[in-house]
$ cat coords-v1.cif   # mmCIF, C-alpha atoms
data_upload
loop_
_atom_site.label_atom_id
_atom_site.label_comp_id
_atom_site.auth_asym_id
_atom_site.auth_seq_id
_atom_site.Cartn_x
_atom_site.Cartn_y
_atom_site.Cartn_z
CA MET A 1 80.35 -58.26 55.33
CA THR A 2 81.34 -55.96 58.17
CA PHE A 3 81.81 -57.08 61.77
CA VAL A 4 78.52 -55.43 62.71
CA ASP A 5 76.71 -57.27 59.90
CA THR A 6 78.27 -60.55 60.98
CA LEU A 7 77.27 -59.93 64.58
CA ARG A 8 73.73 -59.02 63.53
CA ALA A 9 73.42 -62.22 61.47
CA SER A 10 74.68 -64.33 64.36
CA ARG A 11 71.88 -63.00 66.52
CA GLU A 12 69.36 -65.21 64.67
CA SER A 13 71.73 -68.13 64.07
CA ARG A 14 70.62 -71.65 64.99
CA VAL A 15 73.12 -71.84 67.85
CA ALA A 16 72.11 -68.44 69.23
CA VAL A 17 68.38 -69.21 69.15
CA LEU A 18 68.93 -72.63 70.69
CA HIS A 19 71.07 -71.14 73.45
CA GLU A 20 68.40 -68.53 74.16
CA PHE A 21 65.75 -71.25 74.38
CA TRP A 22 67.67 -73.49 76.80
CA THR A 23 68.39 -70.45 78.95
CA GLN A 24 64.67 -69.67 79.21
CA TYR A 25 63.18 -73.18 79.17
CA ASN A 26 61.87 -74.22 82.58
CA PRO A 27 58.96 -76.71 82.53
CA SER A 28 58.08 -75.83 86.13
CA GLN A 29 57.30 -72.24 85.15
CA LYS A 30 54.26 -70.85 83.31
CA ARG A 31 56.04 -70.40 79.99
CA VAL A 32 55.14 -71.10 76.38
CA HIS A 33 57.87 -71.17 73.74
CA ALA A 34 57.00 -70.57 70.08
CA PHE A 35 59.35 -70.80 67.09
CA PHE A 36 58.61 -68.88 63.89
CA GLU A 37 60.15 -68.50 60.46
CA GLY A 38 60.40 -64.71 60.39
CA HIS A 39 59.17 -61.33 61.58
CA ASP A 40 55.79 -61.42 59.80
CA ASP A 41 55.04 -64.84 61.30
CA VAL A 42 55.74 -63.52 64.79
CA SER A 43 53.46 -60.55 64.11
CA PHE A 44 50.64 -62.77 62.83
CA PHE A 45 50.67 -65.69 65.28
CA THR A 46 51.58 -63.99 68.57
CA PRO A 47 48.23 -62.23 69.25
CA PHE A 48 46.30 -65.45 68.65
CA ILE A 49 48.61 -67.51 70.88
CA GLN A 50 48.29 -64.94 73.67
CA ARG A 51 44.52 -65.52 73.75
CA TYR A 52 44.97 -69.19 74.61
CA ILE A 53 47.81 -69.27 77.11
CA GLY A 54 46.22 -67.28 79.90
CA ALA A 55 48.73 -66.04 82.46
CA SER A 56 51.63 -67.92 80.91
CA ARG A 57 54.46 -65.89 79.47
CA LEU A 58 55.13 -66.28 75.75
CA TYR A 59 58.71 -66.56 74.50
CA PRO A 60 58.84 -66.07 70.72
CA TYR A 61 61.89 -67.09 68.67
CA ARG A 62 62.54 -65.87 65.14
CA CYS A 63 64.44 -68.55 63.26
CA GLU A 64 64.90 -66.93 59.81
CA GLY A 65 63.49 -69.67 57.64
CA LYS A 66 61.51 -72.89 57.64
CA ALA A 67 64.56 -75.17 57.52
CA ARG A 68 65.92 -73.62 60.70
CA VAL A 69 62.57 -74.02 62.48
CA TYR A 70 62.70 -77.74 61.74
CA GLU A 71 66.37 -77.92 62.73
CA LEU A 72 65.51 -76.43 66.10
CA PHE A 73 62.51 -78.75 66.42
CA ALA A 74 64.81 -81.74 65.89
CA ALA A 75 67.46 -80.47 68.31
CA ILE A 76 64.97 -79.71 71.10
CA THR A 77 62.83 -82.84 70.79
CA GLN A 78 65.90 -85.06 70.54
CA ARG A 79 67.16 -83.76 73.86
CA VAL A 80 63.74 -83.50 75.54
CA PRO A 81 61.23 -85.65 73.59
CA GLY A 82 58.32 -84.57 75.76
CA ALA A 83 59.22 -80.89 75.87
CA GLY A 84 56.11 -79.14 77.12
CA SER A 85 54.62 -75.88 75.88
CA VAL A 86 57.07 -75.75 72.99
CA LEU A 87 55.40 -75.11 69.62
CA PHE A 88 56.61 -74.54 66.06
CA PHE A 89 54.91 -72.56 63.28
CA VAL A 90 55.76 -72.80 59.58
CA ASP A 91 54.29 -71.83 56.21
CA LYS A 92 52.96 -74.52 53.91
CA ASP A 93 54.46 -72.94 50.76
CA LEU A 94 54.15 -75.49 47.92
CA ASP A 95 55.16 -78.44 50.11
CA ASP A 96 51.90 -80.36 49.71
CA ILE A 97 52.04 -80.01 45.93
CA LEU A 98 55.74 -80.87 45.64
CA GLY A 99 55.65 -83.62 48.26
CA SER A 100 58.37 -82.03 50.39
CA PRO A 101 59.30 -84.47 53.20
CA TRP A 102 59.14 -82.25 56.28
CA PRO A 103 58.46 -84.09 59.55
CA THR A 104 54.98 -83.95 61.08
CA ASP A 105 54.32 -83.62 64.77
CA PRO A 106 51.40 -82.44 66.96
CA ARG A 107 53.58 -79.53 68.08
CA VAL A 108 54.16 -78.21 64.56
CA PHE A 109 51.52 -75.98 62.96
CA VAL A 110 51.56 -75.69 59.16
CA THR A 111 49.44 -73.01 57.48
CA ASP A 112 46.65 -74.27 55.24
CA VAL A 113 47.44 -71.50 52.74
CA TYR A 114 50.77 -70.77 51.06
CA SER A 115 51.93 -68.47 53.88
CA VAL A 116 50.53 -66.20 56.58
CA GLU A 117 50.16 -63.22 54.23
CA ASN A 118 47.39 -65.08 52.36
CA TYR A 119 45.22 -64.97 55.48
CA PHE A 120 45.05 -61.17 55.12
CA VAL A 121 43.92 -61.02 51.50
CA ASN A 122 40.17 -61.54 51.38
CA ARG A 123 36.93 -59.60 51.27
CA ASP A 124 36.43 -59.69 55.04
CA VAL A 125 39.75 -58.01 55.86
CA PHE A 126 39.32 -55.50 53.04
CA THR A 127 35.85 -54.57 54.33
CA LYS A 128 37.08 -54.03 57.88
CA LEU A 129 40.02 -51.98 56.64
CA TYR A 130 37.80 -49.80 54.44
CA ARG A 131 35.32 -49.11 57.23
CA ASP A 132 38.04 -48.37 59.76
CA GLY A 133 40.63 -46.70 57.54
CA ILE A 134 38.59 -44.40 55.27
CA ARG A 135 36.81 -41.26 56.47
CA LEU A 136 34.49 -39.56 53.97
CA ASN A 137 33.58 -35.88 54.20
CA GLY A 138 30.88 -34.38 52.00
CA VAL A 139 30.73 -37.42 49.72
CA THR A 140 29.49 -41.00 49.85
CA PHE A 141 30.33 -44.14 47.89
CA ASP A 142 28.44 -47.41 47.54
CA GLU A 143 30.55 -49.82 49.58
CA SER A 144 29.14 -52.84 47.77
CA VAL A 145 30.55 -51.56 44.47
CA LEU A 146 34.04 -51.39 45.97
CA LEU A 147 33.78 -54.85 47.51
CA THR A 148 32.49 -56.43 44.33
CA HIS A 149 35.32 -54.86 42.36
CA PHE A 150 37.85 -56.06 44.93
CA ASP A 151 36.56 -59.63 44.59
CA LYS A 152 36.64 -59.45 40.79
CA GLU A 153 40.19 -58.11 40.65
CA LEU A 154 41.48 -60.54 43.27
CA ASP A 155 40.09 -63.37 41.16
CA ARG A 156 41.68 -61.84 38.05
CA PHE A 157 45.00 -61.47 39.88
CA HIS A 158 44.98 -65.12 40.93
CA ARG A 159 44.28 -66.22 37.37
CA LYS A 160 47.17 -64.06 36.12
CA MET A 161 49.44 -65.59 38.74
CA MET A 162 48.76 -69.23 37.84
CA PRO A 163 51.27 -69.36 34.92
CA LEU A 164 53.96 -67.94 37.21
CA MET A 165 53.24 -70.41 40.01
CA ALA A 166 52.99 -73.27 37.50
CA TRP A 167 56.46 -72.31 36.28
CA VAL A 168 57.73 -72.42 39.87
CA VAL A 169 56.25 -75.90 40.37
CA VAL A 170 57.74 -77.23 37.12
CA VAL A 171 61.20 -75.81 37.85
CA ARG A 172 61.15 -77.08 41.43
CA ARG A 173 60.21 -80.57 40.24
CA ALA A 174 63.10 -80.42 37.79
CA GLY A 175 65.48 -79.75 40.67
CA GLY A 176 65.71 -75.97 40.37
CA ARG A 177 65.63 -73.59 43.32
CA PRO A 178 64.16 -70.31 42.03
CA ASN A 179 64.67 -67.43 44.45
CA LEU A 180 61.13 -66.06 44.67
CA GLY A 181 62.30 -63.29 46.96
CA ASN A 182 63.93 -61.64 43.93
CA ILE A 183 60.64 -61.34 42.06
CA ASP A 184 59.22 -57.84 41.85
CA LEU A 185 55.64 -58.23 40.65
CA ALA A 186 55.70 -54.68 39.32
CA ALA A 187 57.90 -56.04 36.52
CA PHE A 188 55.13 -58.44 35.52
CA LEU A 189 51.89 -56.68 36.43
CA ASP A 190 50.39 -53.21 36.63
CA MET A 191 47.59 -51.96 38.84
CA THR A 192 45.86 -49.36 36.70
CA ASP A 193 44.18 -46.15 37.85
CA GLU A 194 40.91 -48.05 37.43
CA CYS A 195 42.07 -50.54 40.10
CA GLU A 196 42.46 -53.28 37.52
CA VAL A 197 45.27 -55.82 37.18
CA ARG A 198 47.03 -55.79 33.81
CA VAL A 199 49.84 -58.03 32.56
CA LYS A 200 52.91 -56.37 31.09
CA SER A 201 53.89 -57.50 27.62
CA ARG A 202 57.47 -58.66 28.13
CA SER A 203 58.18 -62.42 28.00
CA ARG A 204 57.46 -63.55 31.54
CA LEU A 205 59.27 -66.88 31.32
CA GLN A 206 62.52 -65.22 30.29
CA LEU A 207 62.14 -62.57 32.97
CA LEU A 208 61.37 -65.21 35.60
CA ALA A 209 64.49 -67.17 34.78
CA GLU A 210 66.63 -64.03 34.85
CA THR A 211 65.10 -62.72 38.06
CA THR A 212 65.14 -65.94 40.08
CA GLY A 213 68.59 -67.05 38.95
CA VAL A 214 67.69 -70.45 37.52
CA LYS A 215 69.29 -72.09 34.51
CA HIS A 216 67.40 -73.28 31.46
CA TYR A 217 65.46 -76.49 32.02
CA PRO A 218 64.53 -78.35 28.81
CA GLY A 219 60.84 -79.10 28.42
CA VAL A 220 59.65 -76.52 30.95
CA PHE A 221 57.30 -74.85 28.48
CA ARG A 222 55.62 -78.17 27.56
CA GLN A 223 54.97 -78.94 31.22
CA LEU A 224 53.36 -75.59 32.03
CA SER A 225 49.87 -76.42 30.75
CA PRO A 226 49.56 -79.66 32.79
CA ALA A 227 50.90 -77.85 35.86
CA ARG A 228 48.37 -75.02 35.39
CA ARG A 229 45.52 -77.52 35.16
CA GLU A 230 46.77 -79.19 38.33
CA LEU A 231 46.93 -75.90 40.23
CA ALA A 232 43.52 -74.80 38.92
CA ARG A 233 41.91 -77.51 41.05
CA ILE A 234 43.31 -75.99 44.24
CA LEU A 235 42.14 -72.92 46.14
CA PRO A 236 44.32 -70.07 44.77
CA GLN A 237 45.59 -68.95 48.14
CA ARG A 238 47.01 -72.41 48.74
CA VAL A 239 49.04 -71.90 45.56
CA VAL A 240 49.87 -68.20 45.17
CA ARG A 241 52.78 -66.98 47.27
CA GLY A 242 51.60 -64.92 50.22
CA LYS A 243 53.85 -61.98 49.44
CA PHE A 244 52.36 -61.86 45.95
CA ASP A 245 48.87 -61.69 47.45
CA ALA A 246 50.10 -58.91 49.73
CA TRP A 247 51.40 -57.01 46.68
CA PHE A 248 47.94 -57.13 45.13
CA PHE A 249 46.21 -55.96 48.32
CA VAL A 250 48.57 -53.00 48.85
CA GLU A 251 48.51 -51.89 45.20
CA PHE A 252 44.72 -52.21 45.00
CA TRP A 253 44.36 -50.19 48.21
CA LYS A 254 46.66 -47.42 46.97
CA SER A 255 44.89 -47.22 43.61
CA MET A 256 41.48 -47.19 45.27
CA VAL A 257 42.47 -44.40 47.68
CA LYS A 258 43.75 -42.35 44.75
CA GLN A 259 40.45 -42.76 42.91
CA LEU A 260 38.32 -42.01 45.97
CA ARG A 261 40.21 -38.79 46.59
CA SER A 262 39.86 -37.73 42.97
CA MET A 263 36.12 -38.37 42.89
CA ALA A 264 35.64 -36.72 46.29
CA ARG A 265 37.29 -33.54 45.01
CA GLU A 266 34.92 -33.55 42.02
CA ALA A 267 31.98 -33.58 44.46
CA GLY A 268 33.46 -30.91 46.72
CA GLY A 269 34.27 -33.36 49.50
CA ASN A 270 37.41 -35.03 50.76
CA VAL A 271 38.72 -38.40 51.90
CA ALA A 272 40.89 -38.94 54.98
CA VAL A 273 42.96 -42.14 55.11
CA GLN A 274 43.65 -43.49 58.59
CA VAL A 275 45.72 -46.51 57.54
CA VAL A 276 48.77 -46.32 55.29
CA LEU A 277 49.68 -49.63 53.68
CA GLU A 278 53.16 -50.58 52.52
CA GLN A 279 54.61 -53.94 51.54
CA ARG A 280 57.19 -53.98 54.33
CA THR A 281 54.62 -53.34 57.08
CA PHE A 282 51.72 -55.29 55.55
CA CYS A 283 51.17 -57.88 58.29
CA ALA A 284 51.79 -55.49 61.17
CA ALA A 285 49.34 -52.93 59.77
CA LEU A 286 46.53 -55.42 59.16
CA LYS A 287 46.86 -57.97 61.95
CA ALA A 288 44.00 -56.43 63.95
CA TYR A 289 41.61 -57.10 61.06
CA VAL A 290 42.25 -60.83 60.64
CA ASP A 291 40.16 -63.51 62.32
CA ILE A 292 41.88 -66.63 63.57
CA PRO A 293 41.96 -69.35 60.88
CA ARG A 294 40.00 -72.46 61.83
CA SER A 295 43.04 -74.72 61.56
CA LEU A 296 45.00 -72.51 63.98
CA ASP A 297 42.06 -72.40 66.38
CA LEU A 298 41.93 -76.19 66.28
CA PHE A 299 45.68 -76.44 66.86
CA LEU A 300 45.78 -74.03 69.83
CA SER A 301 42.63 -75.48 71.38
CA ALA A 302 44.18 -78.95 71.25
CA HIS A 303 47.20 -77.70 73.18
CA PHE A 304 45.68 -75.21 75.60
CA GLY A 305 41.97 -75.93 75.74
CA GLU A 306 39.14 -73.66 74.72
CA HIS A 307 39.80 -69.94 74.29
CA GLY A 308 39.99 -68.30 77.68
CA ASN A 309 39.86 -71.51 79.71
CA SER A 310 43.54 -72.47 79.73
CA ASN A 311 46.14 -72.44 82.47
CA ARG A 312 43.92 -72.87 85.50
CA THR A 313 46.77 -74.50 87.39
CA SER A 314 49.97 -72.88 88.59
CA GLN A 315 51.89 -74.40 85.70
CA ALA A 316 51.46 -73.76 81.98
CA ARG A 317 49.47 -76.60 80.51
CA GLU A 318 51.66 -79.08 78.70
CA PRO A 319 50.78 -79.72 75.05
CA ARG A 320 48.67 -82.88 74.96
CA ALA A 321 51.00 -85.21 73.14
CA GLY A 322 48.41 -87.97 73.27
CA ARG A 323 45.28 -88.68 71.31
CA LEU A 324 43.78 -85.18 71.33
CA ALA A 325 46.83 -83.47 69.79
CA ALA A 326 47.28 -86.30 67.32
CA LEU A 327 43.63 -85.98 66.32
CA ALA A 328 44.02 -82.23 65.86
CA LEU A 329 47.02 -82.78 63.60
CA ALA A 330 45.16 -85.39 61.57
CA LEU A 331 42.14 -83.14 61.15
CA ALA A 332 44.30 -80.20 60.10
CA ARG A 333 46.03 -82.33 57.47
CA LEU A 334 42.67 -83.66 56.28
CA MET A 335 41.31 -80.15 55.89
CA GLN A 336 44.27 -79.21 53.71
CA ARG A 337 43.71 -82.19 51.42
CA ILE A 338 39.96 -82.16 50.90
CA ALA A 339 39.12 -78.45 51.12
CA SER A 340 40.78 -77.33 47.91
CA ARG A 341 37.65 -75.33 47.05
CA GLU A 342 36.92 -74.23 50.60
CA SER A 343 38.21 -71.01 52.08
CA PRO A 344 40.07 -71.19 55.44
CA TRP A 345 37.66 -68.54 56.72
CA GLY A 346 34.51 -70.56 56.09
CA ASP A 347 33.34 -68.78 52.91
CA SER A 348 34.09 -69.00 49.21
CA SER A 349 35.94 -65.71 48.87
#
$ encode --input "coords-v1.cif" --output "structure tokens"
Amino acid sequence: MTFVDTLRASRESRVAVLHEFWTQYNPSQKRVHAFFEGHDDVSFFTPFIQRYIGASRLYPYRCEGKARVYELFAAITQRVPGAGSVLFFVDKDLDDILGSPWPTDPRVFVTDVYSVENYFVNRDVFTKLYRDGIRLNGVTFDESVLLTHFDKELDRFHRKMMPLMAWVVVVRRAGGRPNLGNIDLAAFLDMTDECEVRVKSRSRLQLLAETTGVKHYPGVFRQLSPARRELARILPQRVVRGKFDAWFFVEFWKSMVKQLRSMAREAGGNVAVQVVLEQRTFCAALKAYVDIPRSLDLFLSAHFGEHGNSNRTSQAREPRAGRLAALALALARLMQRIASRESPWGDSS
């Protein structure tokens, strides 16, 4: 690693982020401090937080991972237990299924889906994107046909992903640490020209082990069926990794655009695309189309009051560390446990 690389890495180190926070933390000022895992989390949460904090200034901190968010939470709350207007945001991942012992606190928000990317992958966002991002000239298409096909293929994609996620659960329970960031779904799945998900024929278990860098765990294959049945009882987007959902959305969009253009040419028309989707800019490109999840609305309302009614005093409102915040946390946890068949957006998509 070069000096420049080392210096760049140190920019997001625990010590650097903590130093930046203590430099900017002043409870007498109208400031709200928010700690996030990574860039996509900052992009997703920041607009929603801004709606609730009124005239207060938001200081976002990118921590590069969940473990570091919790490390900073521990360091800050140990020094200032009642630190006001300091919030932490993390992805659920598979923690509820694996029983991962992360601390709970009214100041920590945990997504009720696998990760923030899952909030983007649903019929509502796709509809808004289609209406805003596609311009038809000299040709028309039945929107309901596209939406129905999107729903069908998203459901098919989730079913195809269950064996993979079951494998992850089994390996994690056996003590393995598969690196899911190394998985390229294009090695496992195809999105056809007909906008349909198809599984590639190669042995997926072997490829998973090779790709994620895990050793052989005896009995994994025998445990897959019970794990799949377990996961089948849970809403797919609480199970399927958010970046995998994002892969489906982007590939479906690209395939659909290709088909629309082809059919438009046949009819003597054309299709203009206003939004270009790529995996690396997925959250940033779609954040304007996502409604606030109910659990996040509950969390922010508990800390800052109703939307638009916060910060009426000269000082940023302190998070309510008493009964209201505790109740919000309890309700959010309860929603995660009992709503396995309920969508975070209030529908069954």
$ atom_distance --input "coords-v1.cif" --atom1 "CA of Met191 in chain A" --atom2 "CA of Glu251 in chain A"
6.4 Å
$ atom_distance --input "coords-v1.cif" --atom1 "CA of Asp112 in chain A" --atom2 "CA of Leu296 in chain A"
9.1 Å
$ residues_around --input "coords-v1.cif" --residues "Arg156 in chain A" --least-positions-apart "3" --cutoff "12 Å" --atoms "only C-alpha atoms" --output "ChimeraX atom specification"
/A:149-153,159-162,189,191,195-199,236,245,248
$ atom_distance --input "coords-v1.cif" --atom1 "CA of Val121 in chain A" --atom2 "CA of Val69 in chain A"
25.2 Å
$ closest_residue --input "coords-v1.cif" --among "A:Phe48, A:Trp247, A:Trp22, A:Tyr289" --to "Ser301 in chain A" --atoms "only C-alpha atoms"
A:Phe48
$ resolve_selection --input "coords-v1.cif" --expression "the PyMOL selection byres ((chain A and resi 134) around 9)" --output "PDB file with C-alpha atoms, in the frame of the given file"
ATOM      1  CA  LEU A 129      40.020 -51.980  56.640  1.00  0.00           C
ATOM      2  CA  TYR A 130      37.800 -49.800  54.440  1.00  0.00           C
ATOM      3  CA  ARG A 131      35.320 -49.110  57.230  1.00  0.00           C
ATOM      4  CA  ASP A 132      38.040 -48.370  59.760  1.00  0.00           C
ATOM      5  CA  GLY A 133      40.630 -46.700  57.540  1.00  0.00           C
ATOM      6  CA  ARG A 135      36.810 -41.260  56.470  1.00  0.00           C
ATOM      7  CA  LEU A 136      34.490 -39.560  53.970  1.00  0.00           C
ATOM      8  CA  VAL A 257      42.470 -44.400  47.680  1.00  0.00           C
ATOM      9  CA  VAL A 271      38.720 -38.400  51.900  1.00  0.00           C
ATOM     10  CA  ALA A 272      40.890 -38.940  54.980  1.00  0.00           C
ATOM     11  CA  VAL A 273      42.960 -42.140  55.110  1.00  0.00           C
ATOM     12  CA  GLN A 274      43.650 -43.490  58.590  1.00  0.00           C
ATOM     13  CA  VAL A 275      45.720 -46.510  57.540  1.00  0.00           C
TER      14      VAL A 275
END
$ closest_residue --input "coords-v1.cif" --among "A:His303, A:Lys243, A:Arg261, A:Arg51" --to "Val86 in chain A" --atoms "only C-alpha atoms"
A:His303
$ resolve_selection --input "coords-v1.cif" --expression "the PyMOL selection byres ((chain A and resi 295) around 8)" --output "list in words"
Thr111, Asp112, Pro293, Arg294, Leu296, Asp297, Leu298, Phe299, Ala332 and Pro344 of chain A
$ resolve_selection --input "coords-v1.cif" --expression "the PyMOL selection byres ((chain A and resi 163-175) around 10)" --output "number ranges by chain"
A: 94, 97-99, 158-162, 176-180, 188, 204-205, 208-209, 212, 214-232, 239-241
